[in-house]
>>> print(open('run.txt').read())   # compact mmCIF, C-alpha atoms
# COMPACT_ATOMS: atom_id res chain seq x y z
CA MET A 1 -0.44 -47.26 -6.33
CA GLY A 2 2.59 -46.80 -4.06
CA ARG A 3 2.65 -43.07 -4.75
CA PHE A 4 -1.09 -42.81 -4.09
CA LYS A 5 -0.73 -44.61 -0.77
CA ARG A 6 2.09 -42.27 0.26
CA SER A 7 -0.05 -39.28 -0.65
CA LEU A 8 -2.96 -40.69 1.29
CA ILE A 9 -0.80 -41.19 4.37
CA ALA A 10 0.60 -37.68 4.03
CA ALA A 11 -2.92 -36.28 3.77
CA ALA A 12 -3.87 -38.12 6.93
CA LEU A 13 -0.83 -36.68 8.67
CA THR A 14 -1.80 -33.23 7.46
CA ALA A 15 -5.25 -33.64 8.92
CA THR A 16 -3.76 -34.79 12.22
CA VAL A 17 -1.27 -31.94 12.43
CA VAL A 18 -3.53 -29.11 11.41
CA ALA A 19 -6.97 -30.31 12.40
CA GLY A 20 -6.74 -32.10 15.72
CA THR A 21 -10.08 -33.77 16.35
CA ALA A 22 -12.90 -33.34 13.88
CA GLY A 23 -15.18 -31.88 16.50
CA TRP A 24 -12.71 -29.16 17.43
CA ALA A 25 -12.11 -28.32 13.79
CA VAL A 26 -15.81 -27.90 13.05
CA ALA A 27 -16.25 -25.75 16.14
CA ASP A 28 -13.63 -23.31 14.84
CA GLU A 29 -15.02 -23.08 11.30
CA GLN A 30 -15.22 -19.45 10.22
CA THR A 31 -17.79 -17.74 8.03
CA ALA A 32 -15.94 -15.75 5.38
CA VAL A 33 -16.85 -12.10 4.97
CA THR A 34 -17.25 -11.54 1.24
CA GLY A 35 -19.09 -9.25 -1.15
CA PRO A 36 -19.41 -5.46 -1.15
CA PRO A 37 -19.02 -3.44 2.07
CA ALA A 38 -21.77 -2.75 4.56
CA GLY A 39 -23.83 0.26 3.53
CA THR A 40 -23.84 -0.68 -0.15
CA ALA A 41 -27.65 -0.62 -0.38
CA ALA A 42 -27.79 3.01 0.74
CA TRP A 43 -24.95 3.89 -1.63
CA ARG A 44 -26.78 2.34 -4.57
CA ALA A 45 -29.93 4.27 -3.67
CA ASP A 46 -28.07 7.62 -3.54
CA HIS A 47 -28.89 9.69 -6.63
CA SER A 48 -27.74 13.03 -5.24
CA LEU A 49 -25.37 13.48 -8.17
CA GLY A 50 -28.14 12.91 -10.68
CA ARG A 51 -26.70 9.56 -11.74
CA GLU A 52 -25.90 6.15 -10.36
CA LEU A 53 -22.81 5.78 -8.24
CA PRO A 54 -20.31 3.04 -9.19
CA ASP A 55 -21.57 -0.28 -7.82
CA PRO A 56 -19.08 -1.61 -5.23
CA ALA A 57 -19.93 -5.16 -6.31
CA THR A 58 -19.21 -4.74 -10.01
CA ALA A 59 -17.24 -1.54 -10.73
CA GLY A 60 -13.52 -2.15 -11.17
CA PRO A 61 -10.90 -0.04 -9.37
CA ARG A 62 -10.11 1.86 -12.58
CA ASP A 63 -13.75 2.80 -13.01
CA VAL A 64 -13.92 3.90 -9.38
CA ALA A 65 -10.78 5.99 -9.77
CA ALA A 66 -12.18 7.64 -12.91
CA PHE A 67 -15.46 8.39 -11.11
CA PHE A 68 -13.75 10.20 -8.23
CA ALA A 69 -11.37 11.99 -10.59
CA GLY A 70 -14.43 13.58 -12.19
CA LEU A 71 -15.78 14.92 -8.89
CA GLY A 72 -14.90 18.14 -7.11
CA GLU A 73 -13.51 18.06 -3.58
CA THR A 74 -16.83 19.07 -2.03
CA ARG A 75 -18.71 16.19 -3.66
CA ARG A 76 -16.03 13.71 -2.65
CA HIS A 77 -16.21 14.69 1.00
CA GLU A 78 -20.00 14.67 0.96
CA LEU A 79 -20.01 11.07 -0.27
CA ALA A 80 -17.44 10.08 2.34
CA ALA A 81 -19.59 11.63 5.06
CA ARG A 82 -22.80 9.94 3.89
CA HIS A 83 -21.30 6.54 3.08
CA PRO A 84 -18.11 6.11 5.13
CA LEU A 85 -18.07 2.31 5.11
CA VAL A 86 -18.44 2.20 1.33
CA VAL A 87 -15.96 4.95 0.43
CA GLY A 88 -13.47 3.69 3.00
CA ASN A 89 -13.43 0.24 1.39
CA LEU A 90 -13.89 1.24 -2.23
CA ASP A 91 -10.78 0.11 -4.07
CA GLY A 92 -9.75 2.80 -6.52
CA ALA A 93 -11.02 5.71 -4.40
CA PRO A 94 -8.40 8.34 -3.47
CA VAL A 95 -6.26 7.14 -0.58
CA PRO A 96 -6.65 10.30 1.58
CA LEU A 97 -10.42 10.14 1.10
CA ARG A 98 -10.43 6.54 2.29
CA TYR A 99 -8.54 7.58 5.42
CA GLU A 100 -11.17 10.23 6.07
CA ALA A 101 -14.09 7.89 5.44
CA ASN A 102 -12.69 5.14 7.63
CA ALA A 103 -12.06 7.55 10.49
CA ARG A 104 -15.76 8.44 10.32
CA ALA A 105 -16.81 4.79 10.16
CA ILE A 106 -14.60 3.82 13.09
CA ALA A 107 -15.88 6.74 15.17
CA ALA A 108 -19.45 5.64 14.50
CA GLU A 109 -18.66 2.05 15.50
CA ARG A 110 -16.95 3.31 18.65
CA ALA A 111 -20.06 5.29 19.59
CA THR A 112 -22.23 2.21 19.08
CA ALA A 113 -19.89 0.05 21.15
CA ARG A 114 -19.78 2.61 23.95
CA ALA A 115 -23.56 2.74 24.04
CA ARG A 116 -23.74 -1.04 24.34
CA ALA A 117 -21.09 -1.03 27.04
CA ALA A 118 -23.23 1.37 29.08
CA ASP A 119 -26.54 -0.41 28.49
CA PRO A 120 -27.69 -1.90 31.84
CA ASP A 121 -30.15 -4.18 30.07
CA LEU A 122 -27.36 -6.16 28.41
CA PRO A 123 -25.63 -9.07 30.15
CA ARG A 124 -22.34 -8.22 31.81
CA GLY A 125 -20.32 -10.30 29.33
CA GLU A 126 -21.78 -8.44 26.36
CA ARG A 127 -21.08 -5.09 28.00
CA GLU A 128 -17.47 -6.08 28.60
CA ARG A 129 -17.01 -7.23 25.04
CA ALA A 130 -18.50 -3.96 23.80
CA ARG A 131 -16.11 -2.04 26.05
CA ASP A 132 -13.12 -3.92 24.66
CA ARG A 133 -14.28 -3.24 21.12
CA ALA A 134 -14.77 0.46 21.88
CA ASP A 135 -11.22 0.61 23.23
CA ARG A 136 -9.86 -0.98 20.06
CA TYR A 137 -11.73 1.54 17.93
CA ALA A 138 -10.36 4.36 20.06
CA ARG A 139 -6.81 3.15 19.40
CA LEU A 140 -7.50 3.09 15.66
CA LEU A 141 -8.53 6.74 15.91
CA THR A 142 -5.18 7.77 17.41
CA PRO A 143 -3.90 10.80 15.43
CA GLY A 144 -1.50 9.78 12.70
CA ARG A 145 -2.96 6.34 12.01
CA GLN A 146 -3.92 5.83 8.36
CA ILE A 147 -6.67 3.24 8.00
CA LEU A 148 -7.09 2.32 4.36
CA ALA A 149 -9.77 -0.33 4.86
CA PHE A 150 -12.10 -1.09 7.75
CA ASP A 151 -14.85 -3.67 7.92
CA PRO A 152 -16.49 -4.29 11.33
CA ARG A 153 -18.38 -7.37 10.16
CA GLY A 154 -17.48 -10.74 11.62
CA ARG A 155 -14.21 -10.61 13.55
CA GLY A 156 -13.30 -7.36 11.80
CA GLN A 157 -10.92 -6.61 8.92
CA LEU A 158 -8.40 -3.82 8.56
CA ALA A 159 -5.68 -2.36 6.37
CA GLU A 160 -3.28 0.30 7.63
CA VAL A 161 -0.66 2.36 5.80
CA TYR A 162 2.73 3.10 7.34
CA GLY A 163 4.34 6.05 5.59
CA ASP A 164 3.12 8.41 2.88
CA TRP A 165 1.65 6.13 0.22
CA GLU A 166 1.21 8.81 -2.42
CA ALA A 167 4.76 10.13 -2.05
CA ALA A 168 6.43 6.72 -1.73
CA ARG A 169 8.79 5.51 -4.43
CA ARG A 170 9.16 2.02 -2.97
CA THR A 171 6.24 0.16 -1.47
CA ALA A 172 5.23 -3.16 0.05
CA VAL A 173 2.10 -4.98 1.24
CA VAL A 174 2.06 -7.56 4.04
CA VAL A 175 -0.56 -10.35 3.98
CA PRO A 176 -0.81 -12.21 7.33
CA GLY A 177 -1.89 -15.76 8.13
CA SER A 178 -4.15 -17.41 10.70
CA ASP A 179 -5.60 -15.89 13.86
CA ILE A 180 -5.48 -12.31 12.61
CA ASP A 181 -8.45 -9.97 12.90
CA LEU A 182 -9.37 -6.60 14.37
CA ALA A 183 -8.46 -7.71 17.90
CA SER A 184 -5.04 -9.15 17.03
CA PHE A 185 -4.01 -6.79 14.22
CA ASP A 186 -1.59 -4.83 16.41
CA ARG A 187 -1.34 -6.92 19.57
CA THR A 188 1.87 -6.55 21.56
CA LYS A 189 2.33 -10.29 22.18
CA ASP A 190 4.23 -12.02 19.37
CA ARG A 191 4.61 -8.64 17.70
CA TYR A 192 6.35 -9.81 14.54
CA GLY A 193 3.57 -12.27 13.88
CA THR A 194 1.05 -9.43 13.53
CA PRO A 195 0.35 -7.32 10.43
CA ALA A 196 1.26 -4.13 12.29
CA GLY A 197 4.51 -5.56 13.63
CA MET A 198 5.58 -7.01 10.29
CA ALA A 199 4.78 -3.84 8.34
CA GLY A 200 6.40 -1.57 10.90
CA ALA A 201 9.60 -3.63 11.01
CA LEU A 202 9.80 -3.82 7.22
CA ARG A 203 9.36 -0.07 6.82
CA ALA A 204 11.99 0.64 9.47
CA GLU A 205 14.49 -1.64 7.71
CA MET A 206 13.70 -0.11 4.31
CA THR A 207 14.33 3.34 5.78
CA ARG A 208 17.58 2.16 7.39
CA GLN A 209 18.86 0.76 4.11
CA ALA A 210 17.72 3.66 1.91
CA PRO A 211 17.07 6.73 4.10
CA GLY A 212 16.73 8.99 1.09
CA THR A 213 14.06 6.91 -0.63
CA PRO A 214 10.44 7.61 0.39
CA ASN A 215 8.73 4.34 1.23
CA ALA A 216 5.44 3.02 2.57
CA VAL A 217 4.16 -0.35 3.71
CA ILE A 218 0.58 -1.57 4.03
CA ALA A 219 -0.52 -4.15 6.57
CA TRP A 220 -3.50 -5.84 4.90
CA ALA A 221 -5.76 -8.01 7.01
CA GLY A 222 -8.63 -7.84 4.56
CA TYR A 223 -9.86 -11.43 4.60
CA THR A 224 -11.34 -13.85 7.11
CA THR A 225 -8.43 -15.87 8.51
CA PRO A 226 -8.55 -19.35 10.06
CA VAL A 227 -8.72 -19.56 13.85
CA GLY A 228 -6.42 -22.13 15.41
CA LEU A 229 -5.21 -25.29 13.70
CA GLY A 230 -8.53 -26.60 12.47
CA LEU A 231 -9.83 -27.65 9.07
CA ASP A 232 -9.99 -24.03 7.96
CA ALA A 233 -6.19 -23.93 8.14
CA ALA A 234 -5.89 -27.23 6.25
CA THR A 235 -8.15 -26.30 3.33
CA GLY A 236 -8.26 -23.49 0.82
CA ARG A 237 -11.84 -22.40 1.50
CA LEU A 238 -11.03 -19.15 3.31
CA ALA A 239 -8.12 -18.45 0.98
CA ALA A 240 -10.42 -18.78 -2.03
CA ALA A 241 -12.77 -16.26 -0.43
CA GLY A 242 -9.92 -13.89 0.38
CA ALA A 243 -7.99 -14.03 -2.91
CA PRO A 244 -10.43 -11.88 -4.96
CA ARG A 245 -10.38 -9.29 -2.16
CA LEU A 246 -6.59 -9.16 -2.33
CA GLU A 247 -6.62 -8.94 -6.13
CA ARG A 248 -9.03 -6.01 -6.05
CA PHE A 249 -7.18 -4.29 -3.23
CA LEU A 250 -3.83 -4.40 -5.04
CA ALA A 251 -5.41 -3.29 -8.31
CA GLY A 252 -6.93 -0.28 -6.55
CA LEU A 253 -3.77 1.06 -4.94
CA GLY A 254 -2.64 3.03 -7.96
CA ALA A 255 0.99 2.90 -6.81
CA SER A 256 3.60 4.57 -9.02
CA GLN A 257 5.75 1.47 -8.46
CA ALA A 258 4.24 -1.97 -8.02
CA PRO A 259 4.62 -3.11 -4.41
CA ALA A 260 6.41 -6.18 -3.19
CA VAL A 261 3.83 -8.45 -1.54
CA PHE A 262 4.91 -10.47 1.50
CA CYS A 263 2.67 -13.43 2.31
CA HIS A 264 3.03 -15.16 5.65
CA SER A 265 1.81 -18.68 6.49
CA TYR A 266 -1.86 -19.13 5.47
CA GLY A 267 -1.59 -15.71 3.82
CA SER A 268 0.65 -17.36 1.24
CA VAL A 269 -2.25 -19.63 0.29
CA VAL A 270 -4.33 -16.50 -0.35
CA CYS A 271 -1.50 -15.01 -2.40
CA GLY A 272 -1.07 -18.23 -4.35
CA LEU A 273 -4.70 -18.20 -5.41
CA ALA A 274 -4.51 -14.50 -6.29
CA ALA A 275 -1.17 -14.73 -8.10
CA HIS A 276 -2.62 -15.32 -11.58
CA ALA A 277 -4.25 -11.88 -11.45
CA LEU A 278 -1.08 -10.06 -10.40
CA ASP A 279 0.99 -8.45 -13.11
CA ALA A 280 3.95 -6.09 -13.09
CA ASN A 281 1.61 -3.18 -12.37
CA THR A 282 0.05 -4.66 -9.22
CA ALA A 283 2.89 -6.68 -7.64
CA GLY A 284 6.54 -6.62 -8.60
CA ASP A 285 7.52 -9.39 -6.21
CA LEU A 286 5.64 -12.13 -4.36
CA VAL A 287 7.45 -13.35 -1.24
CA LEU A 288 6.19 -16.54 0.44
CA LEU A 289 7.39 -16.96 4.03
CA GLY A 290 6.64 -19.78 6.43
CA SER A 291 4.34 -21.17 3.76
CA PRO A 292 2.42 -24.46 4.02
CA GLY A 293 2.08 -24.41 0.22
CA VAL A 294 0.31 -22.24 -2.31
CA ARG A 295 -1.86 -24.80 -4.12
CA ALA A 296 0.52 -24.92 -7.07
CA ASP A 297 3.29 -27.39 -7.90
CA THR A 298 5.76 -24.79 -9.16
CA ALA A 299 6.30 -21.05 -9.27
CA ALA A 300 5.59 -21.15 -13.00
CA ALA A 301 2.21 -22.76 -12.29
CA LEU A 302 1.16 -19.62 -10.40
CA HIS A 303 1.00 -17.87 -13.79
CA THR A 304 1.95 -14.57 -12.22
CA GLY A 305 3.78 -11.54 -13.55
CA ALA A 306 5.49 -11.08 -10.19
CA ARG A 307 8.88 -12.53 -9.27
CA VAL A 308 8.37 -15.34 -6.77
CA TRP A 309 10.52 -15.75 -3.65
CA ALA A 310 10.29 -18.21 -0.76
CA VAL A 311 11.81 -18.67 2.68
CA ARG A 312 11.39 -21.06 5.57
CA ARG A 313 13.80 -21.47 8.47
CA ASN A 314 14.34 -25.23 8.49
CA GLY A 315 14.42 -26.70 11.96
CA ALA A 316 13.11 -23.52 13.55
CA ASP A 317 9.69 -23.11 11.93
CA TRP A 318 7.07 -25.73 12.85
CA ILE A 319 5.31 -25.28 9.51
CA GLY A 320 8.07 -27.47 8.05
CA LYS A 321 6.52 -30.46 9.83
CA VAL A 322 3.27 -30.13 7.88
CA PRO A 323 3.29 -32.55 4.91
CA ASN A 324 3.34 -30.73 1.58
CA VAL A 325 0.46 -32.49 -0.12
CA GLU A 326 -2.94 -31.59 -1.48
CA LEU A 327 -5.42 -34.45 -1.54
CA PHE A 328 -9.20 -34.52 -1.14
CA GLY A 329 -9.10 -30.80 -0.34
CA LEU A 330 -6.63 -31.20 2.54
CA GLY A 331 -3.19 -29.62 2.46
CA HIS A 332 -1.78 -26.88 0.26
CA GLY A 333 0.61 -28.67 -2.06
CA ALA A 334 4.30 -28.41 -2.84
CA ASP A 335 6.87 -26.77 -0.58
CA PRO A 336 7.65 -23.34 -2.08
CA THR A 337 11.20 -23.49 -0.66
CA ALA A 338 12.00 -26.76 -2.46
CA ALA A 339 14.41 -26.35 -5.36
CA ALA A 340 11.96 -28.07 -7.69
CA PHE A 341 9.33 -25.41 -6.98
CA GLY A 342 11.48 -22.78 -8.66
CA ALA A 343 11.09 -19.80 -6.34
CA ARG A 344 14.05 -17.55 -5.61
CA PRO A 345 15.48 -18.36 -2.17
CA VAL A 346 15.71 -15.80 0.62
CA PRO A 347 18.30 -16.05 3.44
CA SER A 348 16.81 -16.60 6.90
CA ALA A 349 19.70 -16.64 9.38
CA GLY A 350 18.64 -15.34 12.78
CA ALA A 351 14.92 -16.00 12.29
CA HIS A 352 13.33 -18.07 15.04
CA GLY A 353 9.98 -19.81 15.05
CA HIS A 354 7.09 -19.39 12.67
CA THR A 355 6.70 -15.66 13.26
CA GLY A 356 10.30 -14.51 13.47
CA TYR A 357 11.00 -13.59 9.86
CA PHE A 358 10.42 -9.85 10.36
CA ALA A 359 12.38 -9.61 13.62
CA PRO A 360 15.04 -6.86 13.50
CA GLY A 361 18.53 -8.14 12.88
CA THR A 362 17.50 -11.21 10.88
CA GLU A 363 18.79 -11.96 7.40
CA SER A 364 15.20 -12.47 6.28
CA LEU A 365 14.15 -8.93 7.24
CA ARG A 366 17.25 -7.47 5.62
CA SER A 367 16.50 -9.41 2.45
CA PHE A 368 12.82 -8.44 2.50
CA ALA A 369 13.80 -4.78 2.55
CA GLU A 370 16.22 -5.32 -0.33
CA ILE A 371 13.50 -6.97 -2.37
CA ALA A 372 11.08 -4.11 -1.70
CA LEU A 373 13.70 -1.44 -2.40
CA ARG A 374 15.54 -2.91 -5.35
CA GLY A 375 13.44 -5.70 -6.76
CA GLY A 376 15.68 -8.18 -4.96
CA GLY A 377 18.59 -7.81 -7.34
CA ALA A 378 21.24 -8.29 -4.65
CA VAL A 379 19.57 -11.08 -2.69
CA VAL A 380 20.95 -14.59 -3.02
CA GLY A 381 19.93 -17.86 -1.42
CA GLY A 382 21.42 -18.74 1.94
>>> encode(input="run.txt", output="C-alpha cells")
Amino acid sequence: MGRFKRSLIAAALTATVVAGTAGWAVADEQTAVTGPPAGTAAWRADHSLGRELPDPATAGPRDVAAFFAGLGETRRHELAARHPLVVGNLDGAPVPLRYEANARAIAAERATARARAADPDLPRGERERARDRADRYARLLTPGRQILAFDPRGRGQLAEVYGDWEAARRTAVVVPGSDIDLASFDRTKDRYGTPAGMAGALRAEMTRQAPGTPNAVIAWAGYTTPVGLGLDAATGRLAAAGAPRLERFLAGLGASQAPAVFCHSYGSVVCGLAAHALDANTAGDLVLLGSPGVRADTAAALHTGARVWAVRRNGADWIGKVPNVELFGLGHGADPTAAAFGARPVPSAGAHGHTGYFAPGTESLRSFAEIALRGGGAVVGG
C-alpha cells in the first residue's frame, strides 16, 4: 500500500507539473493526424496503368518500392504530377521522386494560401494567417531543400533531408518533441530545439569528425505533437498515434546502413512505442535525450533490435523534475538515464536546458555524431 500511495502522489505531481489546470489542458488537446495522406481517394480511383495502384493505407514500404521499381521514369513522374501528396508521403517510393512530388504539393498549397491572402471577402485575421502560411511554403521551396514528407493537414507535418541520402554511408533521423509543426520546424528562436536545427548541427558534427564519409540526416516531424504542457504531454495518446507513422517511415527509407534515431523529449515516447518494430535494418541505435520516459521499465522491455542510449543533463534540464511514473494513463514511466533502466549512457557536458543537447561544442553532440558514424563504439558514460 505504501508503494501505491507513493505512486499516486507522484502521478498527482506529474499532472500538476505537465498539465496545469484541467481547463487549460483540455483547451490545448490536439487532434492527431493519422491514416493515409490527403488525395488517397483519387489515387485509388486512378487506373491509368491498367491496374490498381498500391493502397497507401495497406501496402507496405517493400511493396511500394517494388511497384515503383517496375515502372519506367515517365510513368513515375506522371504519377507524381497527378498525385503529389500521395507520392510525396508514400513510404517506399524513390527518395528523389518524393522530393519532386512534395515540391509540387507545396507549390499548390502556396498558391491556395496566396489566393486566400488576397481574398477581400475573408476577415483580416484569416488573410494574415494565409499570408504567413504562404511565406512558410515559399521558404520550403527554396532551391536545395529536400522535402521527403509534407502533410498540410492540421498544424502541418514535415520531413527534410540534409545531405545526399542515396549516397550516404552513415545516416541519422531526428524525432522532435512537443510544440513542433510546420510553423516551428525551422524557427530561428531556440534553434537547437527544432528539427531543422538538431539535424543540421548533427550533420555538421558528423562531417567534422569524418569529412571523408558521406552522411545524411533527416529531420522528421511526421506526427502531431503536444502543444504546451497540457494533458497531451502527460499521456501517450499522441505518441501512440505517431509511433506507427515513424515505424513505416523508417521501414521505407531503404538506407544502405540503418540510421541512428535520436528522440528528443516527447519524441522519445513516440520512439519507445515504435521500438518493438525497429530491427537492425531500420534503426541501428535509438538515442533518448531529455526523455520523460518511454512507457517501458527497462531498455530490454522495449524489445528492440536497436542499441539503446540515454542522456539527460541533471540539474540543467527541467524534464528531470517530472516524476518518472505511469499511473492511470498519466506519466511515461521509468527514467531512461537511471542505471536500472539499462540504456547506454551518453556524456552531456556543456549542454544547457532542455533543448541544448545538439548545441555545437557540447559533449552530447560530439557523442551523437560518434554514435551515428561508428555505432557508438567509442562513447562512454560521463
>>> axis_aligned_box(input="run.txt", around="range 234-246 of chain A", padding_each_side="4 Å", output="AutoDock Vina command-line options")
--center_x -9.3 --center_y -18.2 --center_z 0.6 --size_x 14.9 --size_y 26.1 --size_z 19.2
>>> closest_residue(input="run.txt", among="A:Tyr162, A:Tyr99, A:Tyr192, A:Trp220", to="Cys263 in chain A", atoms="only C-alpha atoms")
A:Trp220
>>> closest_residue(input="run.txt", among="A:Arg82, A:Arg76, A:Arg139, A:Lys189", to="Val95 in chain A", atoms="all atoms listed in the file")
A:Arg76
>>> atom_distance(input="run.txt", atom1="CA of Pro36 in chain A", atom2="CA of Ile147 in chain A")
17.9 Å
>>> residues_around(input="run.txt", residues="Ala57 in chain A", least_positions_apart="6", cutoff="10 Å", atoms="only C-alpha atoms", output="MDAnalysis selection string")
chainID A and resid 35:37 40 90
>>> atom_distance(input="run.txt", atom1="CA of Asp179 in chain A", atom2="CA of Gly267 in chain A")
10.8 Å
>>> atom_distance(input="run.txt", atom1="CA of Phe185 in chain A", atom2="CA of Gly212 in chain A")
29.2 Å
>>> residues_around(input="run.txt", residues="Arg203 in chain A", least_positions_apart="3", cutoff="12 Å", atoms="all atoms listed in the file", output="JSON, numbers by chain")
{"A": [161, 162, 163, 164, 165, 168, 170, 171, 172, 173, 174, 196, 197, 198, 199, 200, 206, 207, 208, 209, 210, 211, 213, 214, 215, 216, 217, 218, 219, 358, 360, 365, 366, 368, 369, 370, 372, 373]}
>>> closest_residue(input="run.txt", among="A:Gly315, A:Pro123, A:Gly222, A:Pro323", to="Phe150 in chain A", atoms="all atoms listed in the file")
A:Gly222
>>> decode(input="run.txt", residues="range 353-369 of chain A", atoms="N, CA, C and O atoms", output="compact mmCIF listing (two decimals), in the first residue's frame")
# COMPACT_ATOMS: atom_id res chain seq x y z
N GLY A 353 19.92 23.42 -20.46
CA GLY A 353 18.49 23.44 -20.67
C GLY A 353 17.97 22.18 -21.31
O GLY A 353 18.71 21.20 -21.52
N HIS A 354 16.70 22.21 -21.66
CA HIS A 354 16.03 21.04 -22.23
C HIS A 354 16.32 20.87 -23.71
O HIS A 354 16.16 19.79 -24.26
N THR A 355 16.76 21.94 -24.36
CA THR A 355 16.96 21.88 -25.81
C THR A 355 18.41 22.16 -26.22
O THR A 355 18.67 22.55 -27.35
N GLY A 356 19.35 21.92 -25.30
CA GLY A 356 20.73 22.24 -25.60
C GLY A 356 21.61 21.08 -25.99
O GLY A 356 22.82 21.24 -26.15
N TYR A 357 21.04 19.91 -26.18
CA TYR A 357 21.87 18.72 -26.42
C TYR A 357 22.56 18.71 -27.77
O TYR A 357 23.59 18.05 -27.94
N PHE A 358 22.02 19.43 -28.75
CA PHE A 358 22.62 19.46 -30.08
C PHE A 358 23.44 20.74 -30.30
O PHE A 358 23.88 20.99 -31.42
N ALA A 359 23.63 21.54 -29.27
CA ALA A 359 24.39 22.78 -29.43
C ALA A 359 25.85 22.45 -29.74
O ALA A 359 26.46 21.57 -29.13
N PRO A 360 26.44 23.14 -30.71
CA PRO A 360 27.85 22.90 -31.05
C PRO A 360 28.76 23.07 -29.84
O PRO A 360 28.55 23.94 -28.99
N GLY A 361 29.74 22.20 -29.74
CA GLY A 361 30.69 22.26 -28.65
C GLY A 361 30.33 21.41 -27.45
O GLY A 361 31.16 21.26 -26.54
N THR A 362 29.13 20.85 -27.42
CA THR A 362 28.73 20.03 -26.27
C THR A 362 29.23 18.59 -26.42
O THR A 362 29.42 18.10 -27.55
N GLU A 363 29.44 17.95 -25.28
CA GLU A 363 29.82 16.54 -25.31
C GLU A 363 28.70 15.68 -25.88
O GLU A 363 28.97 14.66 -26.52
N SER A 364 27.46 16.10 -25.65
CA SER A 364 26.34 15.31 -26.18
C SER A 364 26.35 15.31 -27.70
O SER A 364 26.21 14.23 -28.33
N LEU A 365 26.54 16.45 -28.34
CA LEU A 365 26.56 16.49 -29.80
C LEU A 365 27.74 15.69 -30.34
O LEU A 365 27.59 14.93 -31.31
N ARG A 366 28.89 15.83 -29.71
CA ARG A 366 30.05 15.05 -30.15
C ARG A 366 29.75 13.56 -30.08
O ARG A 366 30.04 12.79 -31.01
N SER A 367 29.12 13.15 -28.98
CA SER A 367 28.81 11.73 -28.80
C SER A 367 27.74 11.28 -29.78
O SER A 367 27.80 10.15 -30.30
N PHE A 368 26.74 12.12 -30.04
CA PHE A 368 25.70 11.77 -31.00
C PHE A 368 26.33 11.46 -32.37
O PHE A 368 25.95 10.50 -33.04
N ALA A 369 27.26 12.31 -32.77
CA ALA A 369 27.90 12.10 -34.07
C ALA A 369 28.71 10.80 -34.08
O ALA A 369 28.71 10.06 -35.07
